[in-house]
>>> print(open('final-v4.cif').read())   # mmCIF, C-alpha atoms
data_protein
loop_
_atom_site.label_atom_id
_atom_site.label_comp_id
_atom_site.auth_asym_id
_atom_site.auth_seq_id
_atom_site.Cartn_x
_atom_site.Cartn_y
_atom_site.Cartn_z
CA MET A 1 -13.34 -6.57 -21.37
CA ARG A 2 -11.46 -9.39 -19.68
CA LEU A 3 -13.57 -11.58 -17.49
CA ARG A 4 -10.75 -13.37 -15.75
CA SER A 5 -7.30 -12.50 -14.55
CA THR A 6 -4.37 -13.42 -16.68
CA MET A 7 -2.72 -14.70 -13.50
CA ALA A 8 -4.60 -16.37 -10.67
CA ILE A 9 -3.18 -15.47 -7.29
CA GLN A 10 -1.12 -18.29 -5.84
CA TRP A 11 -1.88 -17.84 -2.16
CA THR A 12 0.09 -19.62 0.50
CA LYS A 13 -0.96 -20.18 4.11
CA ASP A 14 2.57 -20.73 5.38
CA VAL A 15 3.71 -17.39 6.77
CA ASP A 16 7.28 -18.42 7.54
CA ALA A 17 7.81 -20.01 4.15
CA ALA A 18 6.44 -16.83 2.56
CA LEU A 19 8.80 -14.70 4.64
CA ALA A 20 11.73 -16.79 3.45
CA GLN A 21 10.55 -16.59 -0.14
CA ALA A 22 10.14 -12.82 0.09
CA ARG A 23 13.69 -12.44 1.36
CA THR A 24 15.03 -14.62 -1.40
CA LYS A 25 13.07 -12.82 -4.13
CA ASN A 26 13.48 -9.40 -2.52
CA GLN A 27 9.74 -8.96 -2.84
CA ALA A 28 7.12 -7.52 -0.52
CA LEU A 29 4.55 -9.69 1.22
CA LEU A 30 0.82 -9.20 1.31
CA LEU A 31 -0.86 -10.75 4.34
CA ASP A 32 -4.63 -11.12 4.07
CA PHE A 33 -6.19 -11.82 7.45
CA ASN A 34 -9.70 -12.94 6.71
CA ALA A 35 -12.77 -14.78 7.95
CA ALA A 36 -14.17 -15.75 4.60
CA PRO A 37 -16.26 -18.95 4.54
CA MET A 38 -13.97 -21.94 4.16
CA MET B 39 -11.92 -8.04 -4.97
CA TYR B 40 -9.48 -10.80 -5.88
CA PRO B 41 -11.52 -12.00 -8.86
CA ASN B 42 -10.90 -8.56 -10.32
CA PRO B 43 -8.22 -9.11 -12.97
CA ARG B 44 -6.33 -5.91 -12.20
CA VAL B 45 -6.19 -6.78 -8.51
CA ALA B 46 -5.09 -10.34 -9.23
CA ASP B 47 -2.40 -9.22 -11.64
CA PHE B 48 -1.11 -6.53 -9.31
CA VAL B 49 -0.96 -8.86 -6.31
CA THR B 50 0.74 -11.57 -8.34
CA GLY B 51 3.24 -9.17 -9.84
CA ASN B 52 4.23 -7.36 -6.68
CA PHE B 53 3.81 -9.57 -3.65
CA VAL B 54 4.33 -12.93 -2.08
CA PRO B 55 0.65 -13.38 -1.13
CA VAL B 56 -0.41 -15.05 2.12
CA LYS B 57 -3.96 -15.83 3.22
CA ILE B 58 -4.52 -16.28 6.93
CA HIS B 59 -7.93 -17.46 8.09
CA VAL B 60 -9.05 -16.52 11.58
CA LYS B 61 -10.21 -20.05 12.38
CA GLU B 62 -7.25 -21.84 10.85
CA GLN B 63 -4.41 -19.67 12.15
CA PRO B 64 -5.46 -17.67 15.21
CA ALA B 65 -1.83 -17.59 16.37
CA ALA B 66 -0.85 -15.68 13.23
CA PHE B 67 -3.51 -13.08 14.06
CA LYS B 68 -1.85 -12.62 17.46
CA ARG B 69 1.64 -12.66 16.00
CA PHE B 70 0.89 -9.74 13.71
CA GLY B 71 -1.66 -7.97 15.88
CA ALA B 72 -4.54 -8.38 13.46
CA GLN B 73 -7.75 -7.54 15.31
CA TRP B 74 -10.39 -7.48 12.63
CA THR B 75 -11.15 -8.99 9.26
CA PRO B 76 -10.29 -8.27 6.65
CA THR B 77 -6.94 -6.82 7.65
CA LEU B 78 -4.37 -6.40 4.91
CA MET B 79 -0.71 -5.92 5.69
CA VAL B 80 2.17 -5.01 3.44
CA LEU B 81 5.48 -6.31 4.73
CA ASP B 82 8.82 -5.47 3.22
CA PRO B 83 11.12 -8.27 2.02
CA GLU B 84 12.68 -8.42 5.49
CA GLY B 85 9.26 -9.14 6.97
CA LYS B 86 8.79 -5.78 8.62
CA GLU B 87 5.28 -4.38 8.48
CA GLN B 88 5.11 -1.17 6.47
CA TYR B 89 1.39 -0.64 6.06
CA ARG B 90 -1.95 -2.06 7.05
CA PHE B 91 -5.57 -1.33 6.38
CA GLU B 92 -8.77 -2.85 7.66
CA GLY B 93 -12.15 -3.39 6.05
CA TYR B 94 -13.45 -4.21 2.62
CA LEU B 95 -12.61 -1.87 -0.24
CA PRO B 96 -13.74 -1.86 -3.86
CA PRO B 97 -11.04 -2.95 -6.31
CA GLU B 98 -9.76 0.51 -7.28
CA ASP B 99 -9.45 1.66 -3.67
CA PHE B 100 -7.89 -1.66 -2.77
CA LEU B 101 -5.28 -1.28 -5.49
CA ALA B 102 -4.55 2.27 -4.38
CA GLN B 103 -3.98 1.07 -0.82
CA LEU B 104 -1.62 -1.68 -1.97
CA GLU B 105 0.34 0.89 -3.96
CA LEU B 106 0.47 3.14 -0.90
CA GLY B 107 1.94 0.22 0.98
CA LEU B 108 4.70 -0.25 -1.58
CA ALA B 109 5.42 3.48 -1.63
CA LYS B 110 5.63 3.57 2.16
CA SER B 111 7.98 0.62 2.09
CA ALA B 112 10.30 2.43 -0.34
CA PHE B 113 10.14 5.52 1.86
CA ALA B 114 10.95 3.52 4.98
CA HIS B 115 14.03 2.15 3.23
CA GLU B 116 15.06 5.71 2.35
CA GLU B 117 14.58 5.02 -1.34
CA PHE B 118 13.07 8.47 -1.64
CA ALA B 119 13.17 8.89 -5.40
CA GLN B 120 11.43 5.56 -5.87
CA ALA B 121 8.95 6.42 -3.14
CA GLU B 122 8.12 9.71 -4.84
CA ARG B 123 7.60 7.94 -8.16
CA ARG B 124 5.26 5.47 -6.53
CA TYR B 125 3.28 8.18 -4.77
CA ARG B 126 2.99 10.23 -7.98
CA GLU B 127 1.77 7.17 -9.79
CA ILE B 128 -1.00 6.74 -7.22
CA VAL B 129 -2.11 10.33 -7.78
CA ARG B 130 -2.03 9.85 -11.54
CA LYS B 131 -3.98 6.58 -11.49
CA TYR B 132 -6.46 7.32 -8.70
CA PRO B 133 -6.90 11.10 -8.58
CA THR B 134 -10.40 10.97 -7.09
CA LEU B 135 -9.81 8.32 -4.44
CA GLU B 136 -8.98 8.86 -0.78
CA ALA B 137 -5.44 7.63 -1.33
CA ALA B 138 -4.64 10.52 -3.68
CA PRO B 139 -4.25 13.42 -1.24
CA GLU B 140 -2.20 11.23 1.09
CA ALA B 141 0.00 10.31 -1.87
CA VAL B 142 0.45 13.98 -2.83
CA TYR B 143 1.53 14.74 0.72
CA TRP B 144 4.06 11.94 0.90
CA ALA B 145 5.36 12.55 -2.62
CA GLY B 146 6.28 16.02 -1.45
CA VAL B 147 7.95 14.70 1.67
CA ALA B 148 9.85 12.11 -0.34
CA LYS B 149 11.05 14.79 -2.76
CA TYR B 150 12.14 16.96 0.13
CA LYS B 151 13.98 14.04 1.71
CA ALA B 152 15.70 13.28 -1.59
CA THR B 153 16.71 16.84 -2.39
CA GLY B 154 16.70 18.81 0.86
CA ASP B 155 14.88 21.53 -1.05
CA ALA B 156 12.08 23.06 1.03
CA ALA B 157 10.42 24.22 -2.18
CA ALA B 158 9.17 20.64 -2.51
CA LEU B 159 7.08 21.14 0.61
CA ARG B 160 5.81 24.56 -0.43
CA ASP B 161 4.83 23.19 -3.84
CA THR B 162 3.06 20.32 -2.14
CA ALA B 163 1.09 22.65 0.11
CA ARG B 164 0.04 24.65 -2.95
CA GLU B 165 -0.94 21.56 -4.92
CA MET B 166 -2.87 20.23 -1.95
CA SER B 167 -4.83 23.44 -1.44
CA GLN B 168 -5.70 23.53 -5.12
CA ARG B 169 -6.57 19.89 -5.72
CA TYR B 170 -7.70 18.54 -2.37
CA PRO B 171 -8.63 21.52 -0.18
CA ALA B 172 -11.11 19.53 1.93
CA SER B 173 -8.64 16.78 2.72
CA SER B 174 -7.09 16.37 6.15
CA TRP B 175 -3.80 16.07 4.26
CA ALA B 176 -4.28 19.63 3.00
CA LYS B 177 -4.50 20.76 6.63
CA LYS B 178 -1.32 18.87 7.43
CA ALA B 179 0.49 20.41 4.45
CA SER B 180 -0.80 23.91 5.14
CA VAL B 181 1.99 24.51 7.64
CA TRP B 182 4.46 24.38 4.76
CA GLY B 183 3.01 27.53 3.19
CA GLY B 184 2.58 27.80 -0.53
#
>>> encode(input="final-v4.cif", output="structure tokens")
Amino acid sequence: MRLRSTMAIQWTKDVDAALAQARTKNQALLLDFNAAPM
Amino acid sequence: MYPNPRVADFVTGNFVPVKIHVKEQPAAFKRFGAQWTPTLMVLDPEGKEQYRFEGYLPPEDFLAQLELGLAKSAFAHEEFAQAERRYREIVRKYPTLEAAPEAVYWAGVAKYKATGDAAALRDTAREMSQRYPASSWAKKASVWGG
């Protein structure tokens, strides 16, 4: 059983940059609106 | 759920992932109409929202919801064959989860949209009554006969 992901998620906080990247890569976006402890 | 390796791999492989904290970016909450945390949104590459869900989910349910989002995005872009494949894959991978009956329903609709053959809807109603008779999606499909 794997204990860790093979790929850590590379989150960004910049919505507009992510939108531009998604268009360029023709890839969907996942927005995670959260209140997790910072 | 993100420490889960399947979730991490799926997110990395299928999305441009964005984290928006309520205290850091309240304007983004307003911009997208997020009213609770966690709220997860799937946007298509043009930035149009295709799916959202609120509240914590265990990893398997979370994955199923993300896959529903991608299937709905394909459907919205009238890529009906791809949408059907995605919905069928959800049923195959998560047959006991809440996402499954919804995926059966929409797989049938996608097939109908792709082929124009009303048998797709009748078959879906039959499958729904056999596999998920207690589901609200079975009620919705019941009008199609079968």
>>> resolve_selection(input="final-v4.cif", expression="the PyMOL selection byres ((chain A) within 7 of (chain B))", output="NGL selection string")
:A and (4-9 or 11-13 or 15 or 18-19 or 22-23 or 26-35)
>>> residues_around(input="final-v4.cif", residues="region 159-164 of chain B", least_positions_apart="6", cutoff="8 Å", atoms="all atoms listed in the file", output="VMD selection string")
chain B and resid 142 to 143 146 to 147 150 176 179 to 184
>>> closest_residue(input="final-v4.cif", among="B:Leu101, B:Val129, B:Ala141, B:Leu135", to="Phe113 (chain B)", atoms="all atoms listed in the file")
B:Ala141
>>> atom_distance(input="final-v4.cif", atom1="CA of Ala148 (chain B)", atom2="CA of Trp175 (chain B)")
14.9 Å
>>> closest_residue(input="final-v4.cif", among="B:Glu98, B:Glu117, B:Glu105, B:Glu122", to="Lys149 (chain B)", atoms="all atoms listed in the file")
B:Glu122
>>> atom_distance(input="final-v4.cif", atom1="CA of Gln21 (chain A)", atom2="CA of Gly71 (chain B)")
21.9 Å
>>> atom_distance(input="final-v4.cif", atom1="CA of Arg169 (chain B)", atom2="CA of Ile128 (chain B)")
14.4 Å
>>> closest_residue(input="final-v4.cif", among="B:Arg69, B:Lys131, B:Lys178, B:Lys151", to="Phe118 (chain B)", atoms="only C-alpha atoms")
B:Lys151
>>> residues_around(input="final-v4.cif", residues="Glu136 (chain B)", least_positions_apart="2", cutoff="10 Å", atoms="all atoms listed in the file", output="ChimeraX atom specification")
/B:99,102-103,129,132-134,138-141,170,173
>>> closest_residue(input="final-v4.cif", among="B:Lys68, B:Asp155, B:Ser174, B:Leu106", to="Arg126 (chain B)", atoms="only C-alpha atoms")
B:Leu106
